[in-house]
file data_14.cif (mmCIF, N, CA and C atoms)
data_structure
loop_
_atom_site.label_atom_id
_atom_site.label_comp_id
_atom_site.auth_asym_id
_atom_site.auth_seq_id
_atom_site.Cartn_x
_atom_site.Cartn_y
_atom_site.Cartn_z
N MET B 741 0.83 -1.18 0.00
CA MET B 741 0.00 0.00 0.00
C MET B 741 0.88 1.26 0.00
N LEU B 742 1.99 1.20 0.72
CA LEU B 742 2.89 2.34 0.77
C LEU B 742 3.49 2.60 -0.61
N GLN B 743 3.81 1.54 -1.36
CA GLN B 743 4.34 1.71 -2.71
C GLN B 743 3.36 2.45 -3.60
N LEU B 744 2.10 2.15 -3.43
CA LEU B 744 1.07 2.79 -4.24
C LEU B 744 1.01 4.29 -3.98
N PHE B 745 1.02 4.69 -2.72
CA PHE B 745 0.95 6.10 -2.39
C PHE B 745 2.25 6.84 -2.75
N MET B 746 3.38 6.18 -2.59
CA MET B 746 4.64 6.81 -2.98
C MET B 746 4.71 7.00 -4.50
N THR B 747 4.21 6.02 -5.26
CA THR B 747 4.17 6.14 -6.71
C THR B 747 3.26 7.29 -7.13
N TRP B 748 2.13 7.42 -6.46
CA TRP B 748 1.20 8.51 -6.76
C TRP B 748 1.85 9.86 -6.45
N LEU B 749 2.57 9.95 -5.35
CA LEU B 749 3.25 11.19 -4.98
C LEU B 749 4.34 11.53 -5.99
N ILE B 750 5.09 10.54 -6.43
CA ILE B 750 6.13 10.77 -7.43
C ILE B 750 5.52 11.24 -8.74
N LEU B 751 4.39 10.66 -9.12
CA LEU B 751 3.70 11.08 -10.34
C LEU B 751 3.28 12.54 -10.23
N ILE B 752 2.74 12.94 -9.10
CA ILE B 752 2.32 14.33 -8.90
C ILE B 752 3.53 15.26 -8.98
N LEU B 753 4.64 14.90 -8.34
CA LEU B 753 5.84 15.74 -8.36
C LEU B 753 6.41 15.88 -9.77
N ILE B 754 6.39 14.81 -10.53
CA ILE B 754 6.89 14.87 -11.91
C ILE B 754 5.98 15.74 -12.76
N LEU B 755 4.67 15.66 -12.55
CA LEU B 755 3.76 16.52 -13.29
C LEU B 755 3.97 18.00 -12.94
N VAL B 756 4.25 18.30 -11.69
CA VAL B 756 4.55 19.68 -11.30
C VAL B 756 5.85 20.14 -11.97
N PHE B 757 6.86 19.27 -11.98
CA PHE B 757 8.13 19.55 -12.64
C PHE B 757 7.91 19.82 -14.14
N LEU B 758 7.09 19.00 -14.77
CA LEU B 758 6.78 19.15 -16.18
C LEU B 758 6.00 20.44 -16.44
N TRP B 759 5.04 20.74 -15.57
CA TRP B 759 4.23 21.95 -15.72
C TRP B 759 5.11 23.20 -15.62
N GLU B 760 6.03 23.21 -14.65
CA GLU B 760 6.92 24.36 -14.51
C GLU B 760 7.83 24.50 -15.74
N GLY B 761 8.26 23.39 -16.30
CA GLY B 761 9.07 23.44 -17.52
C GLY B 761 8.29 24.00 -18.69
N VAL B 762 7.02 23.64 -18.80
CA VAL B 762 6.19 24.18 -19.87
C VAL B 762 5.98 25.67 -19.67
N LYS B 763 5.77 26.09 -18.42
CA LYS B 763 5.59 27.51 -18.14
C LYS B 763 6.85 28.30 -18.47
N LYS B 764 8.01 27.74 -18.21
CA LYS B 764 9.27 28.45 -18.47
C LYS B 764 9.54 28.58 -19.96
N THR B 765 9.23 27.55 -20.74
CA THR B 765 9.57 27.58 -22.16
C THR B 765 8.44 28.12 -23.02
N GLY B 766 7.24 28.28 -22.48
CA GLY B 766 6.11 28.74 -23.26
C GLY B 766 6.15 30.23 -23.54
N HIS B 767 5.29 30.63 -24.46
CA HIS B 767 5.18 32.04 -24.82
C HIS B 767 3.75 32.49 -24.54
N GLY B 768 3.56 33.75 -24.32
CA GLY B 768 2.23 34.29 -24.12
C GLY B 768 1.93 34.50 -22.66
N GLY B 769 0.69 34.89 -22.40
CA GLY B 769 0.26 35.18 -21.04
C GLY B 769 -0.09 33.93 -20.25
N GLU B 770 -0.33 34.11 -18.98
CA GLU B 770 -0.64 33.00 -18.08
C GLU B 770 -1.92 32.29 -18.50
N LYS B 771 -2.95 33.04 -18.88
CA LYS B 771 -4.22 32.42 -19.23
C LYS B 771 -4.10 31.58 -20.50
N SER B 772 -3.34 32.08 -21.47
CA SER B 772 -3.22 31.32 -22.71
C SER B 772 -2.46 30.01 -22.50
N LYS B 773 -1.50 30.01 -21.57
CA LYS B 773 -0.76 28.78 -21.29
C LYS B 773 -1.67 27.74 -20.66
N PHE B 774 -2.52 28.18 -19.72
CA PHE B 774 -3.40 27.20 -19.09
C PHE B 774 -4.43 26.70 -20.08
N ARG B 775 -4.94 27.58 -20.91
CA ARG B 775 -5.93 27.15 -21.90
C ARG B 775 -5.31 26.18 -22.89
N ARG B 776 -4.08 26.42 -23.24
CA ARG B 776 -3.43 25.56 -24.23
C ARG B 776 -3.00 24.23 -23.63
N TRP B 777 -2.45 24.25 -22.42
CA TRP B 777 -1.86 23.03 -21.85
C TRP B 777 -2.66 22.43 -20.70
N GLY B 778 -3.63 23.15 -20.15
CA GLY B 778 -4.37 22.65 -18.99
C GLY B 778 -5.10 21.35 -19.25
N GLY B 779 -5.77 21.26 -20.39
CA GLY B 779 -6.49 20.02 -20.74
C GLY B 779 -5.55 18.85 -20.93
N TRP B 780 -4.41 19.12 -21.53
CA TRP B 780 -3.42 18.04 -21.73
C TRP B 780 -2.91 17.52 -20.39
N PHE B 781 -2.66 18.43 -19.44
CA PHE B 781 -2.15 17.97 -18.14
C PHE B 781 -3.21 17.22 -17.35
N ILE B 782 -4.46 17.61 -17.50
CA ILE B 782 -5.53 16.85 -16.84
C ILE B 782 -5.60 15.45 -17.44
N GLY B 783 -5.49 15.35 -18.76
CA GLY B 783 -5.48 14.04 -19.42
C GLY B 783 -4.29 13.19 -19.02
N ILE B 784 -3.12 13.81 -18.93
CA ILE B 784 -1.91 13.09 -18.51
C ILE B 784 -2.07 12.59 -17.08
N PHE B 785 -2.66 13.42 -16.21
CA PHE B 785 -2.87 13.01 -14.82
C PHE B 785 -3.85 11.84 -14.73
N VAL B 786 -4.96 11.91 -15.47
CA VAL B 786 -5.95 10.84 -15.43
C VAL B 786 -5.36 9.55 -16.00
N LEU B 787 -4.60 9.66 -17.08
CA LEU B 787 -3.99 8.47 -17.67
C LEU B 787 -3.01 7.80 -16.71
N GLY B 788 -2.31 8.61 -15.92
CA GLY B 788 -1.35 8.05 -14.97
C GLY B 788 -2.01 7.51 -13.70
N THR B 789 -3.11 8.12 -13.28
CA THR B 789 -3.72 7.70 -12.02
C THR B 789 -4.79 6.63 -12.18
N ALA B 790 -5.26 6.38 -13.38
CA ALA B 790 -6.27 5.34 -13.58
C ALA B 790 -5.74 3.95 -13.17
N PRO B 791 -4.53 3.55 -13.59
CA PRO B 791 -4.02 2.26 -13.13
C PRO B 791 -3.79 2.22 -11.61
N LEU B 792 -3.40 3.35 -11.04
CA LEU B 792 -3.21 3.39 -9.58
C LEU B 792 -4.53 3.25 -8.85
N GLY B 793 -5.58 3.85 -9.39
CA GLY B 793 -6.91 3.70 -8.79
C GLY B 793 -7.38 2.26 -8.87
N TYR B 794 -7.16 1.61 -10.00
CA TYR B 794 -7.53 0.21 -10.14
C TYR B 794 -6.72 -0.67 -9.19
N ALA B 795 -5.43 -0.38 -9.06
CA ALA B 795 -4.59 -1.16 -8.15
C ALA B 795 -5.04 -0.99 -6.71
N LEU B 796 -5.41 0.24 -6.34
CA LEU B 796 -5.91 0.47 -4.99
C LEU B 796 -7.22 -0.27 -4.75
N TYR B 797 -8.10 -0.26 -5.73
CA TYR B 797 -9.37 -0.97 -5.62
C TYR B 797 -9.15 -2.47 -5.45
N THR B 798 -8.28 -3.06 -6.26
CA THR B 798 -8.05 -4.50 -6.14
C THR B 798 -7.32 -4.84 -4.85
N GLU B 799 -6.47 -3.94 -4.39
CA GLU B 799 -5.74 -4.19 -3.14
C GLU B 799 -6.69 -4.17 -1.94
N LEU B 800 -7.61 -3.24 -1.94
CA LEU B 800 -8.55 -3.14 -0.82
C LEU B 800 -9.63 -4.20 -0.90
N LYS B 801 -10.06 -4.56 -2.10
CA LYS B 801 -11.13 -5.54 -2.28
C LYS B 801 -10.65 -6.98 -2.10
N GLY B 802 -9.49 -7.27 -2.65
CA GLY B 802 -8.99 -8.64 -2.63
C GLY B 802 -8.46 -9.04 -1.27
N GLY B 803 -8.96 -10.14 -0.74
CA GLY B 803 -8.50 -10.61 0.55
C GLY B 803 -7.75 -11.92 0.45
N TYR B 804 -7.29 -12.24 -0.74
CA TYR B 804 -6.63 -13.53 -0.93
C TYR B 804 -5.13 -13.39 -0.76
N ILE B 805 -4.51 -14.51 -0.46
CA ILE B 805 -3.07 -14.54 -0.29
C ILE B 805 -2.47 -15.04 -1.60
N GLY B 806 -1.49 -14.35 -2.08
CA GLY B 806 -0.85 -14.74 -3.33
C GLY B 806 -0.37 -13.51 -4.08
N ALA B 807 0.09 -13.78 -5.27
CA ALA B 807 0.61 -12.68 -6.10
C ALA B 807 -0.55 -11.91 -6.71
N ASN B 808 -0.50 -10.61 -6.57
CA ASN B 808 -1.50 -9.75 -7.17
C ASN B 808 -0.88 -9.19 -8.45
N ILE B 809 -1.15 -9.87 -9.56
CA ILE B 809 -0.54 -9.51 -10.84
C ILE B 809 -1.01 -8.13 -11.30
N GLY B 810 -2.29 -7.82 -11.08
CA GLY B 810 -2.81 -6.53 -11.50
C GLY B 810 -2.12 -5.37 -10.80
N PHE B 811 -1.83 -5.55 -9.52
CA PHE B 811 -1.13 -4.51 -8.75
C PHE B 811 0.26 -4.28 -9.31
N GLY B 812 0.97 -5.35 -9.58
CA GLY B 812 2.33 -5.23 -10.12
C GLY B 812 2.36 -4.62 -11.51
N LEU B 813 1.41 -5.01 -12.37
CA LEU B 813 1.36 -4.44 -13.71
C LEU B 813 0.98 -2.96 -13.67
N ALA B 814 0.09 -2.60 -12.78
CA ALA B 814 -0.30 -1.19 -12.66
C ALA B 814 0.90 -0.34 -12.21
N LEU B 815 1.63 -0.82 -11.23
CA LEU B 815 2.80 -0.07 -10.78
C LEU B 815 3.88 -0.01 -11.86
N LEU B 816 4.07 -1.11 -12.58
CA LEU B 816 5.06 -1.13 -13.66
C LEU B 816 4.69 -0.12 -14.75
N PHE B 817 3.42 -0.07 -15.13
CA PHE B 817 2.98 0.90 -16.13
C PHE B 817 3.20 2.33 -15.65
N VAL B 818 2.84 2.61 -14.41
CA VAL B 818 2.97 3.98 -13.90
C VAL B 818 4.44 4.36 -13.74
N TRP B 819 5.29 3.44 -13.35
CA TRP B 819 6.72 3.74 -13.24
C TRP B 819 7.31 4.06 -14.62
N ALA B 820 6.93 3.28 -15.63
CA ALA B 820 7.41 3.56 -16.99
C ALA B 820 6.87 4.90 -17.47
N TYR B 821 5.63 5.18 -17.15
CA TYR B 821 4.99 6.44 -17.51
C TYR B 821 5.70 7.62 -16.82
N CYS B 822 6.05 7.44 -15.55
CA CYS B 822 6.78 8.47 -14.81
C CYS B 822 8.16 8.70 -15.43
N ALA B 823 8.82 7.64 -15.84
CA ALA B 823 10.14 7.78 -16.47
C ALA B 823 10.03 8.55 -17.77
N LEU B 824 9.00 8.28 -18.56
CA LEU B 824 8.79 9.00 -19.81
C LEU B 824 8.50 10.48 -19.54
N LEU B 825 7.64 10.77 -18.59
CA LEU B 825 7.33 12.16 -18.25
C LEU B 825 8.55 12.89 -17.70
N LEU B 826 9.37 12.20 -16.93
CA LEU B 826 10.59 12.81 -16.40
C LEU B 826 11.56 13.15 -17.53
N CYS B 827 11.68 12.28 -18.52
CA CYS B 827 12.55 12.57 -19.67
C CYS B 827 12.05 13.80 -20.42
N VAL B 828 10.74 13.90 -20.62
CA VAL B 828 10.18 15.07 -21.29
C VAL B 828 10.43 16.33 -20.47
N GLY B 829 10.23 16.23 -19.15
CA GLY B 829 10.49 17.38 -18.28
C GLY B 829 11.94 17.81 -18.29
N LEU B 830 12.86 16.86 -18.27
CA LEU B 830 14.28 17.19 -18.34
C LEU B 830 14.64 17.83 -19.67
N PHE B 831 14.01 17.37 -20.75
CA PHE B 831 14.23 17.97 -22.05
C PHE B 831 13.77 19.43 -22.06
N LEU B 832 12.58 19.69 -21.50
CA LEU B 832 12.06 21.06 -21.47
C LEU B 832 12.94 21.97 -20.62
N TRP B 833 13.38 21.48 -19.47
CA TRP B 833 14.25 22.30 -18.62
C TRP B 833 15.61 22.50 -19.26
N GLY B 834 16.12 21.51 -19.98
CA GLY B 834 17.38 21.67 -20.71
C GLY B 834 17.25 22.69 -21.82
N ARG B 835 16.11 22.67 -22.49
CA ARG B 835 15.85 23.66 -23.53
C ARG B 835 15.79 25.06 -22.94
N TYR B 836 15.15 25.18 -21.79
CA TYR B 836 15.08 26.49 -21.12
C TYR B 836 16.49 26.96 -20.71
N ALA B 837 17.30 26.07 -20.16
CA ALA B 837 18.65 26.44 -19.75
C ALA B 837 19.49 26.83 -20.96
N PHE B 838 19.31 26.13 -22.08
CA PHE B 838 20.04 26.47 -23.28
C PHE B 838 19.66 27.84 -23.79
N LYS B 839 18.37 28.18 -23.76
CA LYS B 839 17.92 29.51 -24.18
C LYS B 839 18.49 30.59 -23.27
N GLN B 840 18.52 30.33 -21.97
CA GLN B 840 19.06 31.30 -21.03
C GLN B 840 20.56 31.48 -21.25
N TYR B 841 21.26 30.41 -21.56
CA TYR B 841 22.70 30.48 -21.80
C TYR B 841 22.99 31.29 -23.07
N ARG B 842 22.17 31.12 -24.10
CA ARG B 842 22.39 31.82 -25.36
C ARG B 842 22.06 33.30 -25.26
N LYS B 843 21.20 33.69 -24.29
CA LYS B 843 20.86 35.10 -24.12
C LYS B 843 22.05 35.90 -23.58
N LYS B 844 22.90 35.24 -22.81
CA LYS B 844 24.03 35.93 -22.15
C LYS B 844 25.12 36.26 -23.11
#
call {"tool": "encode", "arguments": {"input": "data_14.cif", "output": "C-alpha cells"}}
result
Amino acid sequence: MLQLFMTWLILILILVFLWEGVKKTGHGGEKSKFRRWGGWFIGIFVLGTAPLGYALYTELKGGYIGANIGFGLALLFVWAYCALLLCVGLFLWGRYAFKQYRKK
C-alpha cells in the first residue's frame, strides 16, 4: 500500500516539474498557457492515475493470499509512464537552460 501512495506522490511531483518546464519555455500570457496546456495535463494526470486507482481498488477488495498480478502491472505501467514524463520534463528544462545560456 505504501508503494502505491509513494508512486502517486512521485507522479504528482513529476507533473509539477513538467508543468513548470512548460511555463518556463512557453510564450504568451498565463491564461493562454493554461488554456493551451491545462487540458493536456488533466489528461496526462488521469492516464497516470487510472491504473493506480484500479490497483488500490483490487488491493482493498482482494483478501486472498498470493501474487496480485494486476497490482504489479499497474505499478510497472505507472513507473514507466513516470520515467517517460521525467525525460520530457528534463528535455524542457534543458531547452530552457540552453535559451538562457544563449541570451548571455
call {"tool": "atom_distance", "arguments": {"input": "data_14.cif", "atom1": "atom N of B:Leu800", "atom2": "atom N of B:Val818"}}
result
17.3 Å
call {"tool": "residues_around", "arguments": {"input": "data_14.cif", "residues": "stretch 826-835 of chain B", "least_positions_apart": "6", "cutoff": "10 Å", "atoms": "only C-alpha atoms", "output": "list in words"}}
result
Leu751, Leu753, Ile754, Leu755, Val756, Phe757, Leu758, Trp759, Glu760, Gly761, Val762, Lys763, Lys764, Thr765, Gly766, Ala820 and Tyr841 of chain B
call {"tool": "resolve_selection", "arguments": {"input": "data_14.cif", "expression": "the PyMOL selection byres (((chain B and resi 805-816 and name CA) around 8) and name CA)", "output": "VMD selection string"}}
result
chain B and resid 744 747 791 to 792 794 to 796 798 to 799 803 to 804 817 to 820
call {"tool": "axis_aligned_box", "arguments": {"input": "data_14.cif", "around": "stretch 830-834 of chain B", "padding_each_side": "6 Å", "output": "lines of an AutoDock Vina configuration file"}}
result
center_x = 14.7
center_y = 19.8
center_z = -20.2
size_x = 17.3
size_y = 17.8
size_z = 15.8
call {"tool": "atom_distance", "arguments": {"input": "data_14.cif", "atom1": "atom C of B:Leu825", "atom2": "atom CA of B:Phe745"}}
result
18.4 Å
call {"tool": "atom_distance", "arguments": {"input": "data_14.cif", "atom1": "atom CA of B:Cys822", "atom2": "atom CA of B:Gly779"}}
result
18.6 Å
call {"tool": "closest_residue", "arguments": {"input": "data_14.cif", "among": "B:Ile752, B:Met741, B:Met746, B:Ala823", "to": "B:Val786", "atoms": "only C-alpha atoms"}}
result
B:Ile752
call {"tool": "closest_residue", "arguments": {"input": "data_14.cif", "among": "B:Leu824, B:Ile782, B:Trp777, B:Thr789", "to": "B:Leu749", "atoms": "only C-alpha atoms"}}
result
B:Thr789
call {"tool": "decode", "arguments": {"input": "data_14.cif", "residues": "stretch 813-837 of chain B", "atoms": "N, CA, C and O atoms", "output": "PDB file, in the first residue's frame"}}
result
ATOM      1  N   LEU B 813       1.414  -5.009 -12.366  1.00  0.00           N
ATOM      2  CA  LEU B 813       1.364  -4.438 -13.706  1.00  0.00           C
ATOM      3  C   LEU B 813       0.980  -2.964 -13.675  1.00  0.00           C
ATOM      4  O   LEU B 813       1.493  -2.166 -14.459  1.00  0.00           O
ATOM      5  N   ALA B 814       0.085  -2.595 -12.782  1.00  0.00           N
ATOM      6  CA  ALA B 814      -0.301  -1.187 -12.658  1.00  0.00           C
ATOM      7  C   ALA B 814       0.896  -0.344 -12.215  1.00  0.00           C
ATOM      8  O   ALA B 814       1.141   0.728 -12.773  1.00  0.00           O
ATOM      9  N   LEU B 815       1.627  -0.815 -11.234  1.00  0.00           N
ATOM     10  CA  LEU B 815       2.803  -0.067 -10.779  1.00  0.00           C
ATOM     11  C   LEU B 815       3.876  -0.015 -11.856  1.00  0.00           C
ATOM     12  O   LEU B 815       4.522   1.027 -12.048  1.00  0.00           O
ATOM     13  N   LEU B 816       4.067  -1.106 -12.584  1.00  0.00           N
ATOM     14  CA  LEU B 816       5.056  -1.128 -13.659  1.00  0.00           C
ATOM     15  C   LEU B 816       4.695  -0.118 -14.748  1.00  0.00           C
ATOM     16  O   LEU B 816       5.552   0.626 -15.230  1.00  0.00           O
ATOM     17  N   PHE B 817       3.423  -0.072 -15.129  1.00  0.00           N
ATOM     18  CA  PHE B 817       2.981   0.897 -16.131  1.00  0.00           C
ATOM     19  C   PHE B 817       3.205   2.329 -15.647  1.00  0.00           C
ATOM     20  O   PHE B 817       3.714   3.170 -16.386  1.00  0.00           O
ATOM     21  N   VAL B 818       2.843   2.614 -14.413  1.00  0.00           N
ATOM     22  CA  VAL B 818       2.974   3.978 -13.901  1.00  0.00           C
ATOM     23  C   VAL B 818       4.437   4.360 -13.739  1.00  0.00           C
ATOM     24  O   VAL B 818       4.814   5.506 -14.007  1.00  0.00           O
ATOM     25  N   TRP B 819       5.294   3.436 -13.350  1.00  0.00           N
ATOM     26  CA  TRP B 819       6.719   3.744 -13.241  1.00  0.00           C
ATOM     27  C   TRP B 819       7.310   4.057 -14.619  1.00  0.00           C
ATOM     28  O   TRP B 819       8.101   4.986 -14.759  1.00  0.00           O
ATOM     29  N   ALA B 820       6.935   3.277 -15.630  1.00  0.00           N
ATOM     30  CA  ALA B 820       7.413   3.558 -16.990  1.00  0.00           C
ATOM     31  C   ALA B 820       6.865   4.897 -17.475  1.00  0.00           C
ATOM     32  O   ALA B 820       7.573   5.677 -18.124  1.00  0.00           O
ATOM     33  N   TYR B 821       5.630   5.179 -17.149  1.00  0.00           N
ATOM     34  CA  TYR B 821       4.992   6.443 -17.506  1.00  0.00           C
ATOM     35  C   TYR B 821       5.697   7.618 -16.817  1.00  0.00           C
ATOM     36  O   TYR B 821       5.940   8.649 -17.435  1.00  0.00           O
ATOM     37  N   CYS B 822       6.049   7.435 -15.546  1.00  0.00           N
ATOM     38  CA  CYS B 822       6.784   8.470 -14.810  1.00  0.00           C
ATOM     39  C   CYS B 822       8.157   8.705 -15.428  1.00  0.00           C
ATOM     40  O   CYS B 822       8.613   9.851 -15.525  1.00  0.00           O
ATOM     41  N   ALA B 823       8.824   7.637 -15.842  1.00  0.00           N
ATOM     42  CA  ALA B 823      10.140   7.777 -16.467  1.00  0.00           C
ATOM     43  C   ALA B 823      10.027   8.552 -17.775  1.00  0.00           C
ATOM     44  O   ALA B 823      10.859   9.429 -18.065  1.00  0.00           O
ATOM     45  N   LEU B 824       8.999   8.280 -18.562  1.00  0.00           N
ATOM     46  CA  LEU B 824       8.787   8.999 -19.806  1.00  0.00           C
ATOM     47  C   LEU B 824       8.500  10.479 -19.545  1.00  0.00           C
ATOM     48  O   LEU B 824       9.079  11.359 -20.193  1.00  0.00           O
ATOM     49  N   LEU B 825       7.636  10.773 -18.587  1.00  0.00           N
ATOM     50  CA  LEU B 825       7.331  12.162 -18.251  1.00  0.00           C
ATOM     51  C   LEU B 825       8.550  12.891 -17.701  1.00  0.00           C
ATOM     52  O   LEU B 825       8.747  14.081 -17.980  1.00  0.00           O
ATOM     53  N   LEU B 826       9.369  12.198 -16.929  1.00  0.00           N
ATOM     54  CA  LEU B 826      10.586  12.810 -16.403  1.00  0.00           C
ATOM     55  C   LEU B 826      11.559  13.152 -17.529  1.00  0.00           C
ATOM     56  O   LEU B 826      12.177  14.214 -17.511  1.00  0.00           O
ATOM     57  N   CYS B 827      11.680  12.278 -18.517  1.00  0.00           N
ATOM     58  CA  CYS B 827      12.550  12.569 -19.665  1.00  0.00           C
ATOM     59  C   CYS B 827      12.050  13.796 -20.424  1.00  0.00           C
ATOM     60  O   CYS B 827      12.841  14.649 -20.821  1.00  0.00           O
ATOM     61  N   VAL B 828      10.743  13.902 -20.615  1.00  0.00           N
ATOM     62  CA  VAL B 828      10.177  15.073 -21.293  1.00  0.00           C
ATOM     63  C   VAL B 828      10.427  16.328 -20.465  1.00  0.00           C
ATOM     64  O   VAL B 828      10.800  17.378 -21.002  1.00  0.00           O
ATOM     65  N   GLY B 829      10.231  16.233 -19.150  1.00  0.00           N
ATOM     66  CA  GLY B 829      10.488  17.380 -18.276  1.00  0.00           C
ATOM     67  C   GLY B 829      11.943  17.812 -18.289  1.00  0.00           C
ATOM     68  O   GLY B 829      12.238  19.011 -18.344  1.00  0.00           O
ATOM     69  N   LEU B 830      12.861  16.857 -18.272  1.00  0.00           N
ATOM     70  CA  LEU B 830      14.285  17.186 -18.337  1.00  0.00           C
ATOM     71  C   LEU B 830      14.640  17.833 -19.673  1.00  0.00           C
ATOM     72  O   LEU B 830      15.458  18.754 -19.729  1.00  0.00           O
ATOM     73  N   PHE B 831      14.013  17.365 -20.748  1.00  0.00           N
ATOM     74  CA  PHE B 831      14.234  17.973 -22.054  1.00  0.00           C
ATOM     75  C   PHE B 831      13.766  19.428 -22.060  1.00  0.00           C
ATOM     76  O   PHE B 831      14.461  20.313 -22.560  1.00  0.00           O
ATOM     77  N   LEU B 832      12.577  19.687 -21.501  1.00  0.00           N
ATOM     78  CA  LEU B 832      12.062  21.056 -21.467  1.00  0.00           C
ATOM     79  C   LEU B 832      12.940  21.970 -20.623  1.00  0.00           C
ATOM     80  O   LEU B 832      13.217  23.110 -21.009  1.00  0.00           O
ATOM     81  N   TRP B 833      13.378  21.476 -19.467  1.00  0.00           N
ATOM     82  CA  TRP B 833      14.247  22.295 -18.616  1.00  0.00           C
ATOM     83  C   TRP B 833      15.612  22.502 -19.265  1.00  0.00           C
ATOM     84  O   TRP B 833      16.223  23.557 -19.123  1.00  0.00           O
ATOM     85  N   GLY B 834      16.121  21.506 -19.978  1.00  0.00           N
ATOM     86  CA  GLY B 834      17.381  21.669 -20.707  1.00  0.00           C
ATOM     87  C   GLY B 834      17.250  22.688 -21.823  1.00  0.00           C
ATOM     88  O   GLY B 834      18.152  23.489 -22.063  1.00  0.00           O
ATOM     89  N   ARG B 835      16.112  22.671 -22.489  1.00  0.00           N
ATOM     90  CA  ARG B 835      15.849  23.656 -23.532  1.00  0.00           C
ATOM     91  C   ARG B 835      15.786  25.064 -22.940  1.00  0.00           C
ATOM     92  O   ARG B 835      16.318  26.014 -23.522  1.00  0.00           O
ATOM     93  N   TYR B 836      15.154  25.184 -21.785  1.00  0.00           N
ATOM     94  CA  TYR B 836      15.083  26.485 -21.117  1.00  0.00           C
ATOM     95  C   TYR B 836      16.485  26.962 -20.709  1.00  0.00           C
ATOM     96  O   TYR B 836      16.837  28.123 -20.920  1.00  0.00           O
ATOM     97  N   ALA B 837      17.295  26.073 -20.165  1.00  0.00           N
ATOM     98  CA  ALA B 837      18.650  26.438 -19.750  1.00  0.00           C
ATOM     99  C   ALA B 837      19.488  26.831 -20.961  1.00  0.00           C
ATOM    100  O   ALA B 837      20.284  27.785 -20.894  1.00  0.00           O
TER     101      ALA B 837
END
